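A.B. asks: This is target.cif (mmCIF, C-alpha atoms, pLDDT in the B column; chains and numbers go by the auth columns).
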data_structure
loop_
_atom_site.group_PDB
_atom_site.id
_atom_site.type_symbol
_atom_site.label_atom_id
_atom_site.label_comp_id
_atom_site.label_asym_id
_atom_site.label_seq_id
_atom_site.Cartn_x
_atom_site.Cartn_y
_atom_site.Cartn_z
_atom_site.B_iso_or_equiv
_atom_site.auth_seq_id
_atom_site.auth_asym_id
ATOM 1 C CA MET A 1 0.000 0.000 0.000 50.00 11 A
ATOM 2 C CA ARG A 2 2.877 2.346 0.747 50.00 12 A
ATOM 3 C CA MET A 3 4.297 1.872 -2.777 48.00 13 A
ATOM 4 C CA THR A 4 0.932 2.637 -4.382 48.00 14 A
ATOM 5 C CA LEU A 5 0.547 5.737 -2.250 44.00 15 A
ATOM 6 C CA LYS A 6 4.046 6.873 -3.277 48.00 16 A
ATOM 7 C CA LYS A 7 3.209 6.326 -6.951 46.00 17 A
ATOM 8 C CA MET A 8 -0.006 8.295 -6.610 44.00 18 A
ATOM 9 C CA MET A 9 1.790 11.148 -4.870 44.00 19 A
ATOM 10 C CA LEU A 10 4.518 11.200 -7.540 43.00 20 A
ATOM 11 C CA SER A 11 1.891 11.264 -10.302 43.00 21 A
ATOM 12 C CA LEU A 12 0.024 14.084 -8.608 40.00 22 A
ATOM 13 C CA LEU A 13 3.252 16.021 -8.109 42.00 23 A
ATOM 14 C CA LEU A 14 4.136 15.618 -11.790 42.00 24 A
ATOM 15 C CA GLY A 15 0.628 16.749 -12.699 42.00 25 A
ATOM 16 C CA VAL A 16 0.894 19.845 -10.509 39.00 26 A
ATOM 17 C CA CYS A 17 4.325 20.704 -11.947 41.00 27 A
ATOM 18 C CA CYS A 18 2.942 20.245 -15.425 38.00 28 A
ATOM 19 C CA GLY A 19 -0.070 22.406 -14.635 36.00 29 A
ATOM 20 C CA THR A 20 2.139 25.291 -13.607 34.00 30 A
ATOM 21 C CA SER A 21 4.479 25.001 -16.610 34.00 31 A
ATOM 22 C CA PHE A 22 2.098 23.766 -19.322 39.00 32 A
ATOM 23 C CA ALA A 23 2.016 26.921 -21.401 54.00 33 A
ATOM 24 C CA GLY A 24 5.204 28.303 -22.854 93.00 34 A
ATOM 25 C CA VAL A 25 5.023 32.086 -22.710 96.00 35 A
ATOM 26 C CA ILE A 26 7.062 33.927 -25.295 97.00 36 A
ATOM 27 C CA SER A 27 7.777 37.344 -23.776 97.00 37 A
ATOM 28 C CA PHE A 28 10.453 38.522 -26.251 97.00 38 A
ATOM 29 C CA ASP A 29 12.417 39.927 -23.295 97.00 39 A
ATOM 30 C CA ASP A 30 15.507 37.877 -24.166 97.00 40 A
ATOM 31 C CA LEU A 31 15.855 39.726 -27.500 97.00 41 A
ATOM 32 C CA SER A 32 17.804 42.999 -27.855 97.00 42 A
ATOM 33 C CA GLY A 33 14.716 45.158 -28.336 97.00 43 A
ATOM 34 C CA ASP A 34 16.437 47.052 -31.174 97.00 44 A
ATOM 35 C CA PHE A 35 13.475 47.929 -33.409 95.00 45 A
ATOM 36 C CA ALA A 36 15.696 47.890 -36.516 96.00 46 A
ATOM 37 C CA GLU A 37 16.345 44.146 -36.071 97.00 47 A
ATOM 38 C CA ALA A 38 13.974 41.409 -37.198 98.00 48 A
ATOM 39 C CA ILE A 39 13.171 38.530 -34.869 98.00 49 A
ATOM 40 C CA PRO A 40 15.489 35.792 -36.161 97.00 50 A
ATOM 41 C CA ASP A 41 14.028 32.681 -37.749 97.00 51 A
ATOM 42 C CA GLY A 42 14.176 29.762 -35.352 96.00 52 A
ATOM 43 C CA TYR A 43 13.611 31.936 -32.261 97.00 53 A
ATOM 44 C CA ARG A 44 11.655 29.774 -29.800 96.00 54 A
ATOM 45 C CA GLY A 45 11.192 27.169 -32.557 95.00 55 A
ATOM 46 C CA LEU A 46 9.273 29.504 -34.854 97.00 56 A
ATOM 47 C CA ASN A 47 9.944 31.616 -37.941 97.00 57 A
ATOM 48 C CA TRP A 48 8.803 35.239 -37.684 98.00 58 A
ATOM 49 C CA ASP A 49 8.016 36.841 -41.060 98.00 59 A
ATOM 50 C CA ASN A 50 7.803 40.656 -40.812 98.00 60 A
ATOM 51 C CA MET A 51 8.250 40.738 -37.026 98.00 61 A
ATOM 52 C CA GLY A 52 10.639 42.577 -34.740 98.00 62 A
ATOM 53 C CA ALA A 53 10.977 43.193 -31.015 98.00 63 A
ATOM 54 C CA ILE A 54 11.016 46.667 -29.502 98.00 64 A
ATOM 55 C CA ARG A 55 11.811 48.009 -26.033 98.00 65 A
ATOM 56 C CA SER A 56 8.838 49.428 -24.166 96.00 66 A
ATOM 57 C CA ASP A 57 10.655 52.729 -23.630 96.00 67 A
ATOM 58 C CA ALA A 58 11.598 53.243 -27.306 97.00 68 A
ATOM 59 C CA PHE A 59 8.559 55.473 -27.947 97.00 69 A
ATOM 60 C CA PRO A 60 7.154 56.763 -24.637 97.00 70 A
ATOM 61 C CA GLY A 61 3.382 57.139 -24.599 96.00 71 A
ATOM 62 C CA SER A 62 2.904 54.790 -27.550 97.00 72 A
ATOM 63 C CA GLY A 63 1.064 51.489 -27.705 97.00 73 A
ATOM 64 C CA TYR A 64 4.461 49.778 -27.545 97.00 74 A
ATOM 65 C CA GLU A 65 4.906 51.078 -24.014 97.00 75 A
ATOM 66 C CA ALA A 66 1.295 50.323 -23.026 96.00 76 A
ATOM 67 C CA GLY A 67 1.396 46.916 -24.697 96.00 77 A
ATOM 68 C CA THR A 68 4.482 45.558 -22.956 96.00 78 A
ATOM 69 C CA VAL A 69 2.938 43.107 -20.510 96.00 79 A
ATOM 70 C CA SER A 70 6.206 41.378 -19.647 93.00 80 A
ATOM 71 C CA GLN A 71 9.383 43.068 -18.458 91.00 81 A
ATOM 72 C CA THR A 72 10.981 45.087 -21.248 96.00 82 A
ATOM 73 C CA ASN A 73 10.143 44.099 -24.833 97.00 83 A
ATOM 74 C CA THR A 74 7.153 43.491 -27.054 97.00 84 A
ATOM 75 C CA ALA A 75 6.982 42.059 -30.582 98.00 85 A
ATOM 76 C CA TYR A 76 5.521 44.074 -33.444 98.00 86 A
ATOM 77 C CA ASN A 77 4.745 43.920 -37.160 98.00 87 A
ATOM 78 C CA ARG A 78 7.720 45.719 -38.662 97.00 88 A
ATOM 79 C CA ASP A 79 6.227 47.342 -41.763 95.00 89 A
ATOM 80 C CA GLY A 80 2.703 47.688 -40.390 96.00 90 A
ATOM 81 C CA GLY A 81 1.382 44.898 -42.596 95.00 91 A
ATOM 82 C CA THR A 82 0.500 41.234 -42.395 98.00 92 A
ATOM 83 C CA VAL A 83 2.746 38.805 -40.506 98.00 93 A
ATOM 84 C CA ALA A 84 3.240 35.048 -40.637 98.00 94 A
ATOM 85 C CA ILE A 85 4.471 32.965 -37.716 98.00 95 A
ATOM 86 C CA SER A 86 5.358 29.404 -38.696 97.00 96 A
ATOM 87 C CA THR A 87 7.183 26.423 -37.272 96.00 97 A
ATOM 88 C CA ALA A 88 10.904 26.301 -37.930 96.00 98 A
ATOM 89 C CA ASP A 89 11.055 22.492 -38.034 95.00 99 A
ATOM 90 C CA GLY A 90 7.995 21.800 -40.200 93.00 100 A
ATOM 91 C CA GLY A 91 5.980 20.505 -37.238 95.00 101 A
ATOM 92 C CA THR A 92 2.854 22.019 -35.741 96.00 102 A
ATOM 93 C CA PHE A 93 2.075 24.199 -32.751 96.00 103 A
ATOM 94 C CA ILE A 94 -0.847 25.438 -30.686 97.00 104 A
ATOM 95 C CA PHE A 95 -1.568 29.145 -30.568 98.00 105 A
ATOM 96 C CA SER A 96 -3.366 29.652 -27.269 97.00 106 A
ATOM 97 C CA GLY A 97 -3.337 33.443 -27.355 98.00 107 A
ATOM 98 C CA ALA A 98 -1.438 36.681 -26.752 98.00 108 A
ATOM 99 C CA PHE A 99 -1.826 40.298 -25.650 98.00 109 A
ATOM 100 C CA PHE A 100 -2.206 42.855 -28.466 98.00 110 A
ATOM 101 C CA THR A 101 -2.111 46.660 -28.479 98.00 111 A
ATOM 102 C CA SER A 102 -2.094 49.119 -31.349 98.00 112 A
ATOM 103 C CA ALA A 103 1.081 51.192 -31.552 97.00 113 A
ATOM 104 C CA TRP A 104 -0.342 54.447 -32.910 97.00 114 A
ATOM 105 C CA VAL A 105 -4.057 54.441 -33.884 96.00 115 A
ATOM 106 C CA GLU A 106 -7.075 52.260 -33.145 97.00 116 A
ATOM 107 C CA GLN A 107 -7.186 49.336 -35.559 97.00 117 A
ATOM 108 C CA GLU A 108 -8.603 45.877 -36.104 97.00 118 A
ATOM 109 C CA ILE A 109 -6.731 42.587 -36.439 98.00 119 A
ATOM 110 C CA ALA A 110 -7.869 39.179 -37.658 98.00 120 A
ATOM 111 C CA PHE A 111 -6.250 35.725 -37.666 98.00 121 A
ATOM 112 C CA GLU A 112 -5.972 32.623 -39.839 98.00 122 A
ATOM 113 C CA GLY A 113 -4.378 29.288 -38.948 98.00 123 A
ATOM 114 C CA TYR A 114 -2.999 26.920 -41.590 98.00 124 A
ATOM 115 C CA HIS A 115 -1.707 23.344 -41.729 98.00 125 A
ATOM 116 C CA ASN A 116 0.183 22.274 -44.864 97.00 126 A
ATOM 117 C CA GLY A 117 -1.220 25.245 -46.786 98.00 127 A
ATOM 118 C CA GLN A 118 -4.823 24.398 -45.900 98.00 128 A
ATOM 119 C CA LEU A 119 -6.900 26.914 -43.955 98.00 129 A
ATOM 120 C CA MET A 120 -7.857 25.278 -40.640 98.00 130 A
ATOM 121 C CA TYR A 121 -9.117 28.262 -38.618 98.00 131 A
ATOM 122 C CA SER A 122 -10.222 31.819 -39.228 98.00 132 A
ATOM 123 C CA THR A 123 -11.589 34.407 -36.838 98.00 133 A
ATOM 124 C CA ALA A 124 -15.231 35.203 -37.533 94.00 134 A
ATOM 125 C CA ALA A 125 -14.779 38.812 -36.438 95.00 135 A
ATOM 126 C CA SER A 126 -11.923 41.248 -36.051 97.00 136 A
ATOM 127 C CA PHE A 127 -10.483 42.300 -32.693 98.00 137 A
ATOM 128 C CA VAL A 128 -10.372 46.042 -32.027 98.00 138 A
ATOM 129 C CA LEU A 129 -7.078 47.306 -30.593 98.00 139 A
ATOM 130 C CA ASN A 130 -6.436 50.652 -28.951 98.00 140 A
ATOM 131 C CA THR A 131 -3.170 52.294 -27.899 98.00 141 A
ATOM 132 C CA VAL A 132 -3.827 52.245 -24.148 97.00 142 A
ATOM 133 C CA THR A 133 -4.951 48.813 -22.942 97.00 143 A
ATOM 134 C CA PRO A 134 -3.550 45.423 -24.008 98.00 144 A
ATOM 135 C CA LEU A 135 -6.272 43.096 -25.306 98.00 145 A
ATOM 136 C CA TRP A 136 -5.947 39.373 -24.552 98.00 146 A
ATOM 137 C CA VAL A 137 -6.880 37.425 -27.693 98.00 147 A
ATOM 138 C CA GLN A 138 -7.451 33.760 -26.883 98.00 148 A
ATOM 139 C CA LEU A 139 -7.887 31.400 -29.829 98.00 149 A
ATOM 140 C CA GLY A 140 -6.684 27.967 -28.678 97.00 150 A
ATOM 141 C CA TRP A 141 -5.936 26.821 -32.231 98.00 151 A
ATOM 142 C CA GLY A 142 -4.073 23.511 -32.388 96.00 152 A
ATOM 143 C CA ASP A 143 -2.253 21.516 -35.048 96.00 153 A
ATOM 144 C CA ILE A 144 -1.284 24.543 -37.145 98.00 154 A
ATOM 145 C CA ASP A 145 2.050 25.204 -38.801 97.00 155 A
ATOM 146 C CA THR A 146 1.379 28.835 -39.762 98.00 156 A
ATOM 147 C CA LEU A 147 -0.441 31.697 -38.047 98.00 157 A
ATOM 148 C CA ILE A 148 -1.304 34.741 -40.176 98.00 158 A
ATOM 149 C CA ILE A 149 -2.194 38.056 -38.504 98.00 159 A
ATOM 150 C CA TYR A 150 -3.898 40.746 -40.632 97.00 160 A
ATOM 151 C CA ASN A 151 -4.579 44.350 -39.657 95.00 161 A
ATOM 152 C CA SER A 152 -6.872 47.036 -40.994 91.00 162 A
ATOM 153 C CA SER A 153 -4.791 50.180 -40.661 90.00 163 A
ATOM 154 C CA GLY A 154 -1.458 49.395 -42.280 93.00 164 A
ATOM 155 C CA THR A 155 0.277 50.508 -39.099 95.00 165 A
ATOM 156 C CA GLN A 156 2.076 48.691 -36.314 97.00 166 A
ATOM 157 C CA TRP A 157 0.602 46.702 -33.452 98.00 167 A
ATOM 158 C CA ALA A 158 2.354 45.196 -30.440 98.00 168 A
ATOM 159 C CA MET A 159 2.114 41.573 -29.261 98.00 169 A
ATOM 160 C CA ASP A 160 3.364 40.283 -25.906 98.00 170 A
ATOM 161 C CA ASP A 161 3.232 37.151 -23.771 98.00 171 A
ATOM 162 C CA MET A 162 2.332 34.830 -26.649 98.00 172 A
ATOM 163 C CA VAL A 163 1.238 31.508 -25.172 97.00 173 A
ATOM 164 C CA VAL A 164 2.335 28.384 -27.042 96.00 174 A
ATOM 165 C CA PRO A 165 2.209 25.066 -25.128 90.00 175 A
ATOM 166 C CA GLU A 166 5.620 23.430 -24.943 69.00 176 A
ATOM 167 C CA PRO A 167 5.990 19.858 -26.241 57.00 177 A
ATOM 168 C CA ALA A 168 8.052 18.889 -23.171 47.00 178 A
ATOM 169 C CA SER A 169 5.243 20.034 -20.894 45.00 179 A
ATOM 170 C CA LEU A 170 2.729 18.080 -22.936 47.00 180 A
ATOM 171 C CA ALA A 171 4.882 14.958 -22.530 48.00 181 A
ATOM 172 C CA LEU A 172 5.181 15.580 -18.788 47.00 182 A
ATOM 173 C CA PHE A 173 1.411 15.911 -18.552 48.00 183 A
ATOM 174 C CA GLY A 174 0.980 12.604 -20.416 52.00 184 A
ATOM 175 C CA VAL A 175 3.433 10.802 -18.143 52.00 185 A
ATOM 176 C CA SER A 176 1.712 12.108 -15.017 54.00 186 A
ATOM 177 C CA ALA A 177 -1.726 11.125 -16.321 51.00 187 A
ATOM 178 C CA ILE A 178 -0.551 7.604 -17.183 56.00 188 A
ATOM 179 C CA GLY A 179 1.136 7.243 -13.794 55.00 189 A
ATOM 180 C CA LEU A 180 -2.032 8.309 -12.017 50.00 190 A
ATOM 181 C CA MET A 181 -4.128 5.861 -14.042 52.00 191 A
ATOM 182 C CA LEU A 182 -1.740 3.003 -13.345 53.00 192 A
ATOM 183 C CA ALA A 183 -1.663 3.780 -9.646 52.00 193 A
ATOM 184 C CA ARG A 184 -5.456 3.824 -9.510 51.00 194 A
ATOM 185 C CA ARG A 185 -5.821 0.592 -11.503 52.00 195 A
ATOM 186 C CA ARG A 186 -3.490 -1.406 -9.316 54.00 196 A
ATOM 187 C CA LYS A 187 -5.528 -3.349 -6.820 51.00 197 A
ATOM 188 C CA LEU A 188 -4.644 -2.945 -3.210 49.00 198 A
ATOM 189 C CA PRO A 189 -3.974 -6.216 -1.380 51.00 199 A
ATOM 190 C CA THR A 190 -6.752 -7.232 0.959 54.00 200 A
ATOM 191 C CA HIS A 191 -5.952 -8.152 4.519 53.00 201 A
ATOM 192 C CA ARG A 192 -7.808 -10.991 6.160 55.00 202 A
ATOM 193 C CA ARG A 193 -8.517 -11.010 9.837 53.00 203 A
#
Here is the file; what I need is its structure written in the form of structure tokens.
C.D. replies:
Amino acid sequence: MRMTLKKMMLSLLLGVCCGTSFAGVISFDDLSGDFAEAIPDGYRGLNWDNMGAIRSDAFPGSGYEAGTVSQTNTAYNRDGGTVAISTADGGTFIFSGAFFTSAWVEQEIAFEGYHNGQLMYSTAASFVLNTVTPLWVQLGWGDIDTLIIYNSSGTQWAMDDMVVPEPASLALFGVSAIGLMLARRRKLPTHRR
């Protein structure tokens, strides 16, 4: 009985650890924040077409400053147009969501998710961004290899704390769930009096 209890506790502990680290948050704070530099392909396992990272204090009073949810940097669409975020290794990812703020003027953004060139998801309506308050956009789109973000104004927006579940965390969750199931299935020995 002691061994089963230990297995159950270990499984629960793994589950709790997984629950607290399930989502990988991309904060862009480990980049230089030099707005002239593009986010390099392969950063955090993704390719970033038309995206850069900018320090929150680069343009005081702008949506970049208001939209920096994490410590110092936020990502942005470099030329004010459409961006594509895709996997660097040809695999797939889950886009849970991110915070968005307009850099200069109120605007609308919309999203599409693709897998092998086939449209899998599309937002039914646009999201309205202002320059003052970050808007959390939660989509929860899975099994995509490319995320396209469109905007209405042709100007920049800021994105921070992009949530993409990490494969290692998913594996840890699976191991903890299997361990818990096995511990529950094992019959406890009965004691006769």
A.B. asks: Can you build me a table of segment 108-177 of chain A residues sitting at most 7 Å from segment 84-89 of chain A, with the closest atom pair per residue and its distance in Å to one decimal, using only C-alpha atoms, sorted by chain and residue number, as JSON lines?
C.D. replies:
{"residue": "A:Gln166", "atom": "CA", "partner": "A:Asn87", "partner_atom": "CA", "distance": 5.5}
{"residue": "A:Trp167", "atom": "CA", "partner": "A:Tyr86", "partner_atom": "CA", "distance": 5.6}
{"residue": "A:Ala168", "atom": "CA", "partner": "A:Tyr86", "partner_atom": "CA", "distance": 4.5}
{"residue": "A:Met169", "atom": "CA", "partner": "A:Ala85", "partner_atom": "CA", "distance": 5.1}
{"residue": "A:Asp170", "atom": "CA", "partner": "A:Thr84", "partner_atom": "CA", "distance": 5.1}
A.B. asks: Please write the residues picked by the PyMOL selection byres ((chain A and resi 57) around 6) on this file as a PDB file with C-alpha atoms, in the coordinates of the input.
C.D. replies:
ATOM      1  CA  ASP A  51      14.028  32.681 -37.749  1.00 97.00           C
ATOM      2  CA  GLY A  52      14.176  29.762 -35.352  1.00 96.00           C
ATOM      3  CA  LEU A  56       9.273  29.504 -34.854  1.00 97.00           C
ATOM      4  CA  TRP A  58       8.803  35.239 -37.684  1.00 98.00           C
ATOM      5  CA  ILE A  95       4.471  32.965 -37.716  1.00 98.00           C
ATOM      6  CA  SER A  96       5.358  29.404 -38.696  1.00 97.00           C
ATOM      7  CA  THR A  97       7.183  26.423 -37.272  1.00 96.00           C
ATOM      8  CA  ALA A  98      10.904  26.301 -37.930  1.00 96.00           C
TER       9      ALA A  98
END
A.B. asks: Report, in Å to a single decimal, how far apart atom CA of Ala120 of chain A and atom CA of Phe137 of chain A are.
C.D. replies: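 Straight-line distance from atom CA of Phe137 of chain A to atom CA of Ala120 of chain A works out to 6.4 Å.
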A.B. asks: Give as a list in words every residue, naming chains and numbers as the document does, that has an atom within 12 Å of (-9.7, 33.3, -25.6), counting all atoms listed in the file.
C.D. replies: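 With a cut-off of 12 Å, the residues come to Phe105, Ser106, Gly107, Ala108, Phe109, Thr133, Phe137, Leu145, Trp146, Val147, Gln148, Leu149, Gly150, Trp151 and Val173 of chain A.
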A.B. asks: The PyMOL selection byres ((chain A and resi 122) around 10) - which residues does that actually catch in the file I just gave you? List them as a count of residues only.
C.D. replies: 18
A.B. asks: Please write as a PyMOL selection string the full residue list that the PyMOL selection byres ((chain A and resi 80) around 8) yields on this file.
C.D. replies: chain A and resi 37+39+78-79+81-84+170-171
A.B. asks: Would you kindly return, as a list in words, each protein, DNA or RNA residue with an atom no farther than 8 Å from any atom of Phe45 of chain A, considering only C-alpha atoms and excluding same-chain residues fewer than 4 positions away?
C.D. replies: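 Answer for this query is Gly62, Ala63, Ile64 and Arg65 of chain A.
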A.B. asks: To one decimal place in Å, what is the distance between atom CA of Ala76 of chain A and atom CA of Ala48 of chain A?
C.D. replies: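 Distance between the two atoms: 21.0 Å.
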